[in-house]
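S.K.: Below is query-v4.pdb; it holds PDB, C-alpha atoms.
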ATOM      1  CA  MET N   1      58.324  24.201  30.582  1.00  0.00           C
ATOM      2  CA  GLY N   2      58.603  27.403  28.548  1.00  0.00           C
ATOM      3  CA  SER N   3      55.918  28.602  26.188  1.00  0.00           C
ATOM      4  CA  TYR N   4      58.237  28.401  23.182  1.00  0.00           C
ATOM      5  CA  LYS N   5      59.164  24.809  23.981  1.00  0.00           C
ATOM      6  CA  ASN N   6      55.479  23.972  24.340  1.00  0.00           C
ATOM      7  CA  LEU N   7      54.826  25.527  20.942  1.00  0.00           C
ATOM      8  CA  VAL N   8      57.642  23.572  19.294  1.00  0.00           C
ATOM      9  CA  GLU N   9      56.566  20.296  20.888  1.00  0.00           C
ATOM     10  CA  THR N  10      52.975  20.893  19.775  1.00  0.00           C
ATOM     11  CA  ILE N  11      54.140  21.370  16.183  1.00  0.00           C
ATOM     12  CA  LEU N  12      56.537  18.408  16.220  1.00  0.00           C
ATOM     13  CA  SER N  13      53.903  16.099  17.714  1.00  0.00           C
ATOM     14  CA  ALA N  14      51.348  17.062  15.051  1.00  0.00           C
ATOM     15  CA  PRO N  15      50.530  14.639  12.218  1.00  0.00           C
ATOM     16  CA  PHE N  16      52.780  15.054   9.193  1.00  0.00           C
ATOM     17  CA  TRP N  17      49.931  16.400   7.060  1.00  0.00           C
ATOM     18  CA  VAL N  18      49.536  19.291   9.528  1.00  0.00           C
ATOM     19  CA  GLN N  19      53.291  19.953   9.645  1.00  0.00           C
ATOM     20  CA  GLU N  20      53.439  20.014   5.847  1.00  0.00           C
ATOM     21  CA  ALA N  21      50.694  22.650   5.583  1.00  0.00           C
ATOM     22  CA  LEU N  22      52.219  24.679   8.418  1.00  0.00           C
ATOM     23  CA  PHE N  23      55.609  24.630   6.685  1.00  0.00           C
ATOM     24  CA  ILE N  24      54.090  26.011   3.484  1.00  0.00           C
ATOM     25  CA  ASP N  25      52.184  28.718   5.385  1.00  0.00           C
ATOM     26  CA  LEU N  26      55.364  29.786   7.208  1.00  0.00           C
ATOM     27  CA  LEU N  27      57.326  29.725   3.957  1.00  0.00           C
ATOM     28  CA  SER N  28      54.720  31.936   2.286  1.00  0.00           C
ATOM     29  CA  SER N  29      54.964  34.366   5.196  1.00  0.00           C
ATOM     30  CA  PHE N  30      58.771  34.469   4.919  1.00  0.00           C
ATOM     31  CA  GLU N  31      58.526  35.045   1.157  1.00  0.00           C
ATOM     32  CA  GLU N  32      56.214  37.997   1.678  1.00  0.00           C
ATOM     33  CA  LYS N  33      58.212  39.578   4.503  1.00  0.00           C
ATOM     34  CA  LEU N  34      61.697  38.943   3.125  1.00  0.00           C
ATOM     35  CA  ASP N  35      60.837  39.450  -0.561  1.00  0.00           C
ATOM     36  CA  PHE N  36      62.130  36.155  -1.948  1.00  0.00           C
ATOM     37  CA  LYS N  37      60.622  33.201  -3.790  1.00  0.00           C
ATOM     38  CA  ALA N  38      61.292  29.617  -2.710  1.00  0.00           C
ATOM     39  CA  ASP N  39      61.298  26.891  -5.329  1.00  0.00           C
ATOM     40  CA  VAL N  40      58.555  24.770  -3.758  1.00  0.00           C
ATOM     41  CA  LYS N  41      55.710  23.275  -5.775  1.00  0.00           C
ATOM     42  CA  THR N  42      52.450  23.422  -3.842  1.00  0.00           C
ATOM     43  CA  ASP N  43      49.900  22.597  -6.576  1.00  0.00           C
ATOM     44  CA  ASP N  44      50.098  18.867  -5.811  1.00  0.00           C
ATOM     45  CA  MET N  45      49.749  19.259  -2.030  1.00  0.00           C
ATOM     46  CA  TYR N  46      46.443  17.726  -1.023  1.00  0.00           C
ATOM     47  CA  THR N  47      46.313  19.486   2.363  1.00  0.00           C
ATOM     48  CA  LEU N  48      46.321  22.894   0.643  1.00  0.00           C
ATOM     49  CA  TYR N  49      43.565  21.981  -1.828  1.00  0.00           C
ATOM     50  CA  VAL N  50      40.344  24.030  -1.630  1.00  0.00           C
ATOM     51  CA  PRO N  51      37.322  21.924  -2.684  1.00  0.00           C
ATOM     52  CA  GLU N  52      34.688  23.589  -4.858  1.00  0.00           C
ATOM     53  CA  LEU N  53      30.978  23.274  -4.115  1.00  0.00           C
ATOM     54  CA  THR N  54      28.587  22.455  -6.966  1.00  0.00           C
ATOM     55  CA  PHE N  55      25.097  23.903  -7.363  1.00  0.00           C
ATOM     56  CA  LYS N  56      23.731  20.545  -6.176  1.00  0.00           C
ATOM     57  CA  GLY N  57      26.002  20.667  -3.141  1.00  0.00           C
ATOM     58  CA  LYS N  58      24.924  24.221  -2.315  1.00  0.00           C
ATOM     59  CA  LYS N  59      21.280  23.185  -2.535  1.00  0.00           C
ATOM     60  CA  GLU N  60      21.834  20.184  -0.246  1.00  0.00           C
ATOM     61  CA  PHE N  61      23.682  22.353   2.259  1.00  0.00           C
ATOM     62  CA  ASP N  62      20.766  24.802   2.286  1.00  0.00           C
ATOM     63  CA  THR N  63      17.976  22.226   2.519  1.00  0.00           C
ATOM     64  CA  HIS N  64      19.492  19.104   4.185  1.00  0.00           C
ATOM     65  CA  GLU N  65      17.050  17.278   1.923  1.00  0.00           C
ATOM     66  CA  ARG N  66      18.968  13.981   1.837  1.00  0.00           C
ATOM     67  CA  GLY N  67      19.477  13.829   5.601  1.00  0.00           C
ATOM     68  CA  HIS N  68      23.202  13.001   5.598  1.00  0.00           C
ATOM     69  CA  GLU N  69      25.287  12.615   8.737  1.00  0.00           C
ATOM     70  CA  PRO N  70      26.289  15.923  10.414  1.00  0.00           C
ATOM     71  CA  ASN N  71      29.906  15.685   9.247  1.00  0.00           C
ATOM     72  CA  MET N  72      28.802  15.767   5.615  1.00  0.00           C
ATOM     73  CA  TYR N  73      27.117  19.111   6.207  1.00  0.00           C
ATOM     74  CA  LYS N  74      30.191  20.344   8.073  1.00  0.00           C
ATOM     75  CA  LEU N  75      32.214  19.484   4.969  1.00  0.00           C
ATOM     76  CA  LEU N  76      29.749  21.307   2.708  1.00  0.00           C
ATOM     77  CA  GLN N  77      29.723  24.331   5.026  1.00  0.00           C
ATOM     78  CA  SER N  78      33.530  24.430   5.085  1.00  0.00           C
ATOM     79  CA  THR N  79      33.602  24.131   1.306  1.00  0.00           C
ATOM     80  CA  PHE N  80      31.041  26.931   1.008  1.00  0.00           C
ATOM     81  CA  VAL N  81      33.425  29.311   2.824  1.00  0.00           C
ATOM     82  CA  LYS N  82      36.377  28.011   0.729  1.00  0.00           C
ATOM     83  CA  LYS N  83      38.483  26.332   3.385  1.00  0.00           C
ATOM     84  CA  ARG N  84      41.521  24.193   2.612  1.00  0.00           C
ATOM     85  CA  ILE N  85      41.594  20.482   3.430  1.00  0.00           C
ATOM     86  CA  VAL N  86      43.917  21.020   6.407  1.00  0.00           C
ATOM     87  CA  ASP N  87      41.598  23.715   7.794  1.00  0.00           C
ATOM     88  CA  ILE N  88      38.515  21.554   7.297  1.00  0.00           C
ATOM     89  CA  ALA N  89      40.118  18.716   9.255  1.00  0.00           C
ATOM     90  CA  ILE N  90      41.423  20.801  12.160  1.00  0.00           C
ATOM     91  CA  ASP N  91      38.421  23.126  12.477  1.00  0.00           C
ATOM     92  CA  ASN N  92      36.013  20.179  12.598  1.00  0.00           C
ATOM     93  CA  PHE N  93      38.213  17.920  14.773  1.00  0.00           C
ATOM     94  CA  MET N  94      38.538  15.327  12.012  1.00  0.00           C
ATOM     95  CA  THR N  95      41.428  13.227  10.794  1.00  0.00           C
ATOM     96  CA  LEU N  96      42.679  13.593   7.235  1.00  0.00           C
ATOM     97  CA  GLU N  97      41.212  10.136   6.612  1.00  0.00           C
ATOM     98  CA  ASP N  98      37.803  11.318   7.879  1.00  0.00           C
ATOM     99  CA  VAL N  99      37.818  14.315   5.536  1.00  0.00           C
ATOM    100  CA  SER N 100      38.986  12.184   2.602  1.00  0.00           C
ATOM    101  CA  LYS N 101      36.142   9.686   3.067  1.00  0.00           C
ATOM    102  CA  LEU N 102      33.587  12.482   3.231  1.00  0.00           C
ATOM    103  CA  LEU N 103      35.129  14.243   0.244  1.00  0.00           C
ATOM    104  CA  SER N 104      35.118  11.048  -1.814  1.00  0.00           C
ATOM    105  CA  GLU N 105      31.426  10.514  -1.041  1.00  0.00           C
ATOM    106  CA  ALA N 106      30.584  14.167  -1.751  1.00  0.00           C
ATOM    107  CA  ILE N 107      32.281  13.958  -5.154  1.00  0.00           C
ATOM    108  CA  LYS N 108      30.329  10.810  -6.017  1.00  0.00           C
ATOM    109  CA  LEU N 109      27.103  12.558  -4.960  1.00  0.00           C
ATOM    110  CA  GLU N 110      28.095  15.511  -7.173  1.00  0.00           C
ATOM    111  CA  TYR N 111      28.104  17.909  -4.208  1.00  0.00           C
ATOM    112  CA  ILE N 112      31.758  18.818  -4.808  1.00  0.00           C
ATOM    113  CA  LYS N 113      33.560  19.147  -8.134  1.00  0.00           C
ATOM    114  CA  PRO N 114      36.251  16.517  -8.835  1.00  0.00           C
ATOM    115  CA  PRO N 115      39.765  17.999  -8.576  1.00  0.00           C
ATOM    116  CA  VAL N 116      41.497  18.691 -11.883  1.00  0.00           C
ATOM    117  CA  ASN N 117      44.899  17.996 -10.308  1.00  0.00           C
ATOM    118  CA  ASP N 118      45.806  14.295 -10.621  1.00  0.00           C
ATOM    119  CA  ALA N 119      47.903  14.212  -7.436  1.00  0.00           C
ATOM    120  CA  VAL N 120      45.121  15.769  -5.370  1.00  0.00           C
ATOM    121  CA  SER N 121      42.515  13.435  -6.848  1.00  0.00           C
ATOM    122  CA  ALA N 122      44.710  10.399  -6.158  1.00  0.00           C
ATOM    123  CA  SER N 123      45.302  11.571  -2.585  1.00  0.00           C
ATOM    124  CA  ILE N 124      41.582  11.727  -1.836  1.00  0.00           C
ATOM    125  CA  TYR N 125      41.019   8.091  -2.732  1.00  0.00           C
ATOM    126  CA  TYR N 126      44.319   6.889  -1.242  1.00  0.00           C
ATOM    127  CA  MET N 127      43.750   8.611   2.123  1.00  0.00           C
ATOM    128  CA  SER N 128      40.161   7.353   2.211  1.00  0.00           C
ATOM    129  CA  GLY N 129      41.392   3.774   1.710  1.00  0.00           C
ATOM    130  CA  GLU N 130      39.708   3.267  -1.666  1.00  0.00           C
ATOM    131  CA  ILE N 131      42.948   2.667  -3.568  1.00  0.00           C
ATOM    132  CA  ARG N 132      46.352   1.258  -2.580  1.00  0.00           C
ATOM    133  CA  LEU N 133      49.851   2.651  -2.877  1.00  0.00           C
ATOM    134  CA  GLY N 134      50.593   1.359  -6.373  1.00  0.00           C
ATOM    135  CA  GLU N 135      47.356   2.720  -7.824  1.00  0.00           C
ATOM    136  CA  TYR N 136      47.934   6.003  -6.006  1.00  0.00           C
ATOM    137  CA  ALA N 137      51.404   6.348  -7.548  1.00  0.00           C
ATOM    138  CA  LYS N 138      49.943   5.713 -11.001  1.00  0.00           C
ATOM    139  CA  ARG N 139      47.031   8.148 -10.622  1.00  0.00           C
ATOM    140  CA  ALA N 140      49.358  10.791  -9.185  1.00  0.00           C
ATOM    141  CA  ARG N 141      51.566  10.300 -12.275  1.00  0.00           C
ATOM    142  CA  LEU N 142      54.575   9.285 -10.197  1.00  0.00           C
ATOM    143  CA  ILE N 143      54.750   6.141 -12.343  1.00  0.00           C
ATOM    144  CA  ASP N 144      52.997   5.053 -15.539  1.00  0.00           C
ATOM    145  CA  VAL N 145      50.759   2.071 -16.292  1.00  0.00           C
ATOM    146  CA  VAL N 146      53.604  -0.027 -17.694  1.00  0.00           C
ATOM    147  CA  GLN N 147      55.736   0.548 -14.617  1.00  0.00           C
ATOM    148  CA  LEU N 148      52.884  -0.406 -12.293  1.00  0.00           C
ATOM    149  CA  ASP N 149      52.183  -3.578 -14.286  1.00  0.00           C
ATOM    150  CA  THR N 150      55.884  -4.472 -14.205  1.00  0.00           C
ATOM    151  CA  ALA N 151      56.053  -3.882 -10.459  1.00  0.00           C
ATOM    152  CA  MET N 152      52.945  -5.984  -9.795  1.00  0.00           C
ATOM    153  CA  ARG N 153      54.329  -8.902 -11.828  1.00  0.00           C
ATOM    154  CA  ARG N 154      57.604  -8.644  -9.946  1.00  0.00           C
ATOM    155  CA  GLN N 155      55.687  -8.512  -6.654  1.00  0.00           C
ATOM    156  CA  LYS N 156      53.931 -11.801  -7.501  1.00  0.00           C
ATOM    157  CA  GLU N 157      57.299 -13.417  -8.255  1.00  0.00           C
ATOM    158  CA  LEU N 158      58.770 -12.242  -4.962  1.00  0.00           C
ATOM    159  CA  ASN N 159      55.671 -13.321  -3.022  1.00  0.00           C
ATOM    160  CA  ALA N 160      55.877 -16.807  -4.539  1.00  0.00           C
ATOM    161  CA  SER N 161      59.610 -17.213  -3.916  1.00  0.00           C
ATOM    162  CA  SER N 162      59.663 -15.778  -0.392  1.00  0.00           C
ATOM    163  CA  GLY N 163      56.373 -17.186   0.843  1.00  0.00           C
ATOM    164  CA  LYS N 164      55.317 -13.792   2.206  1.00  0.00           C
ATOM    165  CA  THR N 165      53.733 -10.617   0.905  1.00  0.00           C
ATOM    166  CA  VAL N 166      56.273  -8.088  -0.311  1.00  0.00           C
ATOM    167  CA  PRO N 167      54.948  -4.501  -0.149  1.00  0.00           C
ATOM    168  CA  ILE N 168      54.504  -2.860  -3.546  1.00  0.00           C
ATOM    169  CA  GLY N 169      56.516   0.105  -2.293  1.00  0.00           C
ATOM    170  CA  GLU N 170      59.603  -2.077  -1.869  1.00  0.00           C
ATOM    171  CA  VAL N 171      59.148  -3.419  -5.382  1.00  0.00           C
ATOM    172  CA  LEU N 172      58.835   0.087  -6.859  1.00  0.00           C
ATOM    173  CA  ILE N 173      62.102   1.001  -5.139  1.00  0.00           C
ATOM    174  CA  GLU N 174      63.813  -2.207  -6.310  1.00  0.00           C
ATOM    175  CA  GLN N 175      62.763  -1.541  -9.891  1.00  0.00           C
ATOM    176  CA  GLY N 176      64.050   2.014  -9.707  1.00  0.00           C
ATOM    177  CA  PHE N 177      60.615   3.506 -10.401  1.00  0.00           C
ATOM    178  CA  LEU N 178      60.458   5.503  -7.139  1.00  0.00           C
ATOM    179  CA  THR N 179      63.019   6.504  -4.521  1.00  0.00           C
ATOM    180  CA  LYS N 180      63.068   5.399  -0.879  1.00  0.00           C
ATOM    181  CA  GLU N 181      62.340   8.983   0.129  1.00  0.00           C
ATOM    182  CA  ALA N 182      59.268   9.201  -2.112  1.00  0.00           C
ATOM    183  CA  ILE N 183      57.838   5.935  -0.773  1.00  0.00           C
ATOM    184  CA  ALA N 184      58.623   6.915   2.822  1.00  0.00           C
ATOM    185  CA  LYS N 185      56.712  10.188   2.431  1.00  0.00           C
ATOM    186  CA  ILE N 186      53.695   8.481   0.858  1.00  0.00           C
ATOM    187  CA  ILE N 187      53.543   5.904   3.673  1.00  0.00           C
ATOM    188  CA  LEU N 188      54.080   8.535   6.388  1.00  0.00           C
ATOM    189  CA  ILE N 189      51.215  10.718   5.193  1.00  0.00           C
ATOM    190  CA  LYS N 190      48.957   7.659   4.855  1.00  0.00           C
ATOM    191  CA  ASP N 191      49.749   6.477   8.390  1.00  0.00           C
ATOM    192  CA  ASP N 192      49.377   9.955   9.861  1.00  0.00           C
ATOM    193  CA  SER N 193      46.092  10.511   8.021  1.00  0.00           C
ATOM    194  CA  LYS N 194      44.461   8.504  10.815  1.00  0.00           C
ATOM    195  CA  ARG N 195      45.702  10.936  13.471  1.00  0.00           C
ATOM    196  CA  ARG N 196      43.658  13.912  14.627  1.00  0.00           C
ATOM    197  CA  PHE N 197      45.370  17.172  15.548  1.00  0.00           C
ATOM    198  CA  VAL N 198      44.177  18.947  18.685  1.00  0.00           C
ATOM    199  CA  PHE N 199      45.573  22.292  19.825  1.00  0.00           C
ATOM    200  CA  GLY N 200      47.528  22.157  23.049  1.00  0.00           C
ATOM    201  CA  GLY N 201      50.057  19.515  22.060  1.00  0.00           C
ATOM    202  CA  ALA N 202      47.812  16.483  21.659  1.00  0.00           C
ATOM    203  CA  ALA N 203      47.654  14.490  18.461  1.00  0.00           C
ATOM    204  CA  ALA N 204      45.347  11.542  18.753  1.00  0.00           C
ATOM    205  CA  GLY N 205      43.606   8.883  16.742  1.00  0.00           C
ATOM    206  CA  PRO N 206      39.954   9.011  15.770  1.00  0.00           C
ATOM    207  CA  SER N 207      38.676   7.318  18.914  1.00  0.00           C
ATOM    208  CA  SER N 208      40.548   9.340  21.567  1.00  0.00           C
ATOM    209  CA  GLY N 209      38.571  11.285  24.167  1.00  0.00           C
ATOM    210  CA  GLN N 210      38.564  15.062  24.365  1.00  0.00           C
ATOM    211  CA  SER N 211      39.531  17.288  27.281  1.00  0.00           C
ATOM    212  CA  ASP N 212      37.183  19.940  28.669  1.00  0.00           C
ATOM    213  CA  ASP N 213      39.226  22.633  26.909  1.00  0.00           C
ATOM    214  CA  THR N 214      38.977  20.754  23.614  1.00  0.00           C
ATOM    215  CA  ALA N 215      35.242  20.271  24.011  1.00  0.00           C
ATOM    216  CA  GLN N 216      34.852  23.973  24.785  1.00  0.00           C
ATOM    217  CA  SER N 217      36.934  24.907  21.744  1.00  0.00           C
ATOM    218  CA  ARG N 218      34.787  22.680  19.568  1.00  0.00           C
ATOM    219  CA  MET N 219      31.634  24.228  20.989  1.00  0.00           C
ATOM    220  CA  ASN N 220      32.984  27.721  20.276  1.00  0.00           C
ATOM    221  CA  ILE N 221      33.758  26.777  16.678  1.00  0.00           C
ATOM    222  CA  GLU N 222      30.327  25.216  16.191  1.00  0.00           C
ATOM    223  CA  MET N 223      28.679  28.319  17.685  1.00  0.00           C
ATOM    224  CA  GLN N 224      30.656  30.480  15.261  1.00  0.00           C
ATOM    225  CA  GLN N 225      29.570  28.277  12.364  1.00  0.00           C
ATOM    226  CA  MET N 226      25.943  28.570  13.467  1.00  0.00           C
ATOM    227  CA  LYS N 227      26.270  32.350  13.646  1.00  0.00           C
ATOM    228  CA  MET N 228      27.711  32.409  10.114  1.00  0.00           C
ATOM    229  CA  GLN N 229      24.837  30.274   8.880  1.00  0.00           C
ATOM    230  CA  LEU N 230      22.252  32.490  10.587  1.00  0.00           C
ATOM    231  CA  GLN N 231      23.870  35.567   9.057  1.00  0.00           C
ATOM    232  CA  ARG N 232      23.707  33.923   5.645  1.00  0.00           C
ATOM    233  CA  TYR N 233      20.027  33.075   6.140  1.00  0.00           C
ATOM    234  CA  ALA N 234      19.367  36.670   7.220  1.00  0.00           C
ATOM    235  CA  GLN N 235      21.095  37.988   4.093  1.00  0.00           C
ATOM    236  CA  GLU N 236      19.125  35.625   1.849  1.00  0.00           C
ATOM    237  CA  ASN N 237      15.916  36.617   3.639  1.00  0.00           C
ATOM    238  CA  GLN N 238      16.675  40.302   3.044  1.00  0.00           C
ATOM    239  CA  ILE N 239      17.331  39.628  -0.648  1.00  0.00           C
ATOM    240  CA  LEU N 240      13.957  37.856  -0.891  1.00  0.00           C
ATOM    241  CA  LYS N 241      12.221  40.767   0.847  1.00  0.00           C
ATOM    242  CA  ASP N 242      13.830  43.237  -1.563  1.00  0.00           C
ATOM    243  CA  LYS N 243      12.654  41.190  -4.545  1.00  0.00           C
ATOM    244  CA  LEU N 244       9.094  40.989  -3.190  1.00  0.00           C
ATOM    245  CA  ARG N 245       9.112  44.739  -2.507  1.00  0.00           C
ATOM    246  CA  ALA N 246      10.271  45.402  -6.067  1.00  0.00           C
ATOM    247  CA  VAL N 247       7.478  43.201  -7.471  1.00  0.00           C
ATOM    248  CA  PHE N 248       4.914  44.938  -5.241  1.00  0.00           C
ATOM    249  CA  ASN N 249       6.106  48.397  -6.331  1.00  0.00           C
ATOM    250  CA  LEU N 250       5.954  47.355  -9.981  1.00  0.00           C
ATOM    251  CA  GLN N 251       2.386  46.123  -9.572  1.00  0.00           C
ATOM    252  CA  ASN N 252       1.365  49.422  -7.951  1.00  0.00           C
ATOM    253  CA  LYS N 253       2.865  51.372 -10.864  1.00  0.00           C
ATOM    254  CA  ASN N 254       0.914  49.289 -13.353  1.00  0.00           C
ATOM    255  CA  LYS N 255      -2.425  49.960 -11.638  1.00  0.00           C
TER     256      LYS N 255
END
What do you get writing this file as structure tokens?

M.R.:
Amino acid sequence: MGSYKNLVETILSAPFWVQEALFIDLLSSFEEKLDFKADVKTDDMYTLYVPELTFKGKKEFDTHERGHEPNMYKLLQSTFVKKRIVDIAIDNFMTLEDVSKLLSEAIKLEYIKPPVNDAVSASIYYMSGEIRLGEYAKRARLIDVVQLDTAMRRQKELNASSGKTVPIGEVLIEQGFLTKEAIAKIILIKDDSKRRFVFGGAAAGPSSGQSDDTAQSRMNIEMQQMKMQLQRYAQENQILKDKLRAVFNLQNKNK
């Protein structure tokens, strides 16, 4: 099988949230090289969002005072170097759901600033499983409170008459509040949020095993992260030494 075909199959087998981010990155590259501007709104794309560390989060990352699980500190480290959600997930071998759960917890702990974008904020809690589709659509401002209330009342009527649970997405479509395409995309991203993307063509769920190459790649990334952290510590140590030297010199001048 040719290298190009392998590349294409790797991309097409990736979770939708990875494909979406890759599409935007390629589009940005085309815009720069071909000098044109595509009419694509990226502000609401959760995968492209760059979380912002708070002072409290920076302190916890430095000290590990609270003793959180390792993945929490991986999230804080990734946020410290200003990575996007898609990069955080892939670089740390996490699913989008994994990152969303960590991000939700980090926001509650005031380690990361809450997003100002409603769609991004809604995505965090929807992908983490804290809210359902109807609430997500409302928080993302795809529908309003009245429309959600109307849809939920209609859902109860349909459930009672049919004797089964009718998905809220179907009701939102029936009521004309959202299109089939919009609901399909929301459900697709939610389903694929449980899939992990691994380079080399594999896209697996959270519990899948890793090949030797994958394990080696992960080790290389973790080694690089450790090197970055050691460099940061060395820089901070040098700053401290410079401050102490300045204080010492000042004391000598005052004698």

S.K.: With the file shown as input, list the residues that the PyMOL selection byres ((chain N and resi 177-180) around 12) selects, as a count of residues only.

M.R.: 32

S.K.: What are the centre and the three edge lengths of an axis-aligned box that wraps all atoms of region 165-176 of chain N in the file, given that 3 Å is added to every side, written as lines of an AutoDock Vina configuration file and rounded to one decimal in Å?

M.R.:
center_x = 58.9
center_y = -4.3
center_z = -4.5
size_x = 16.3
size_y = 18.6
size_z = 16.8

S.K.: Please report the interatomic distance between CA of Met72 (chain N) and CA of Lys59 (chain N) in Å with one decimal.

M.R.: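 Interatomic distance, CA of Met72 (chain N) to CA of Lys59 (chain N): 13.3 Å.
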
S.K.: Would you kindly return, as a compact mmCIF listing (two decimals) with C-alpha atoms, in the frame of the given file, each protein, DNA or RNA residue with an atom no farther than 8 Å from any atom of Asn92 (chain N), considering only C-alpha atoms and excluding same-chain residues fewer than 2 positions away?

M.R.:
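To be explicit, this is the file written out as part04.txt:
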# COMPACT_ATOMS: atom_id res chain seq x y z
CA LYS N 74 30.19 20.34 8.07
CA ILE N 88 38.52 21.55 7.30
CA ALA N 89 40.12 18.72 9.26
CA ILE N 90 41.42 20.80 12.16
CA MET N 94 38.54 15.33 12.01
CA ARG N 218 34.79 22.68 19.57

S.K.: Taking into account all atoms listed in the file, which residue in the set N:Trp17, N:Phe197, N:Asn6, N:Ile11 is nearest to Met45 (chain N)?

M.R.: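 Nearest to Met45 (chain N): N:Trp17.
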
S.K.: Mind telling me what the PyMOL selection byres ((chain N and resi 49) around 10) catches here, as a list of chain:residue names?

M.R.: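 That expression, the PyMOL selection byres ((chain N and resi 49) around 10), corresponds here to N:Thr42, N:Asp43, N:Asp44, N:Met45, N:Tyr46, N:Thr47, N:Leu48, N:Val50, N:Pro51, N:Glu52, N:Lys82, N:Lys83, N:Arg84, N:Ile85, N:Val86, N:Asp87, N:Pro115, N:Asn117, N:Val120, N:Ser121.
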
S.K.: Skip Ile189 (chain N) itself and residues of its chain fewer than 3 positions away, then list as a PyMOL selection string all residues within 10 Å of it, counting all atoms listed in the file.

M.R.: chain N and resi 15-18+20+96+123+127+184-186+192-195

S.K.: Have a look at CA of Leu27 (chain N) and CA of Lys41 (chain N) and let me know their distance in Å, one decimal.

M.R.: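 Going from CA of Leu27 (chain N) over to CA of Lys41 (chain N) covers 11.8 Å.
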
S.K.: Identify all residues satisfying the PyMOL selection byres ((chain N and resi 112-114) around 8) in the given file; provide them as a PyMOL selection string.

M.R.: chain N and resi 51-54+57+103+106-107+109-111+115-116+121

S.K.: Fewer than 5 positions away in the same chain doesn't count, so skip those; otherwise give me all residues within 12 Å of Glu69 (chain N), counting all atoms listed in the file, as a list of chain:residue names.

M.R.: N:Phe61, N:His64, N:Lys74, N:Leu75, N:Leu76, N:Leu102, N:Glu105, N:Ala106

S.K.: Would you mind telling me which residue in N:Tyr73, N:Phe93, N:Phe80, N:Phe23 lies nearest to Val40 (chain N) when using all atoms listed in the file?

M.R.: N:Phe23

S.K.: Using CA of Lys33 (chain N) and CA of Thr79 (chain N) as the two end points, give the distance in Å to one decimal.

M.R.: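 If I compute the distance from CA of Lys33 (chain N) to CA of Thr79 (chain N), I get 29.2 Å.
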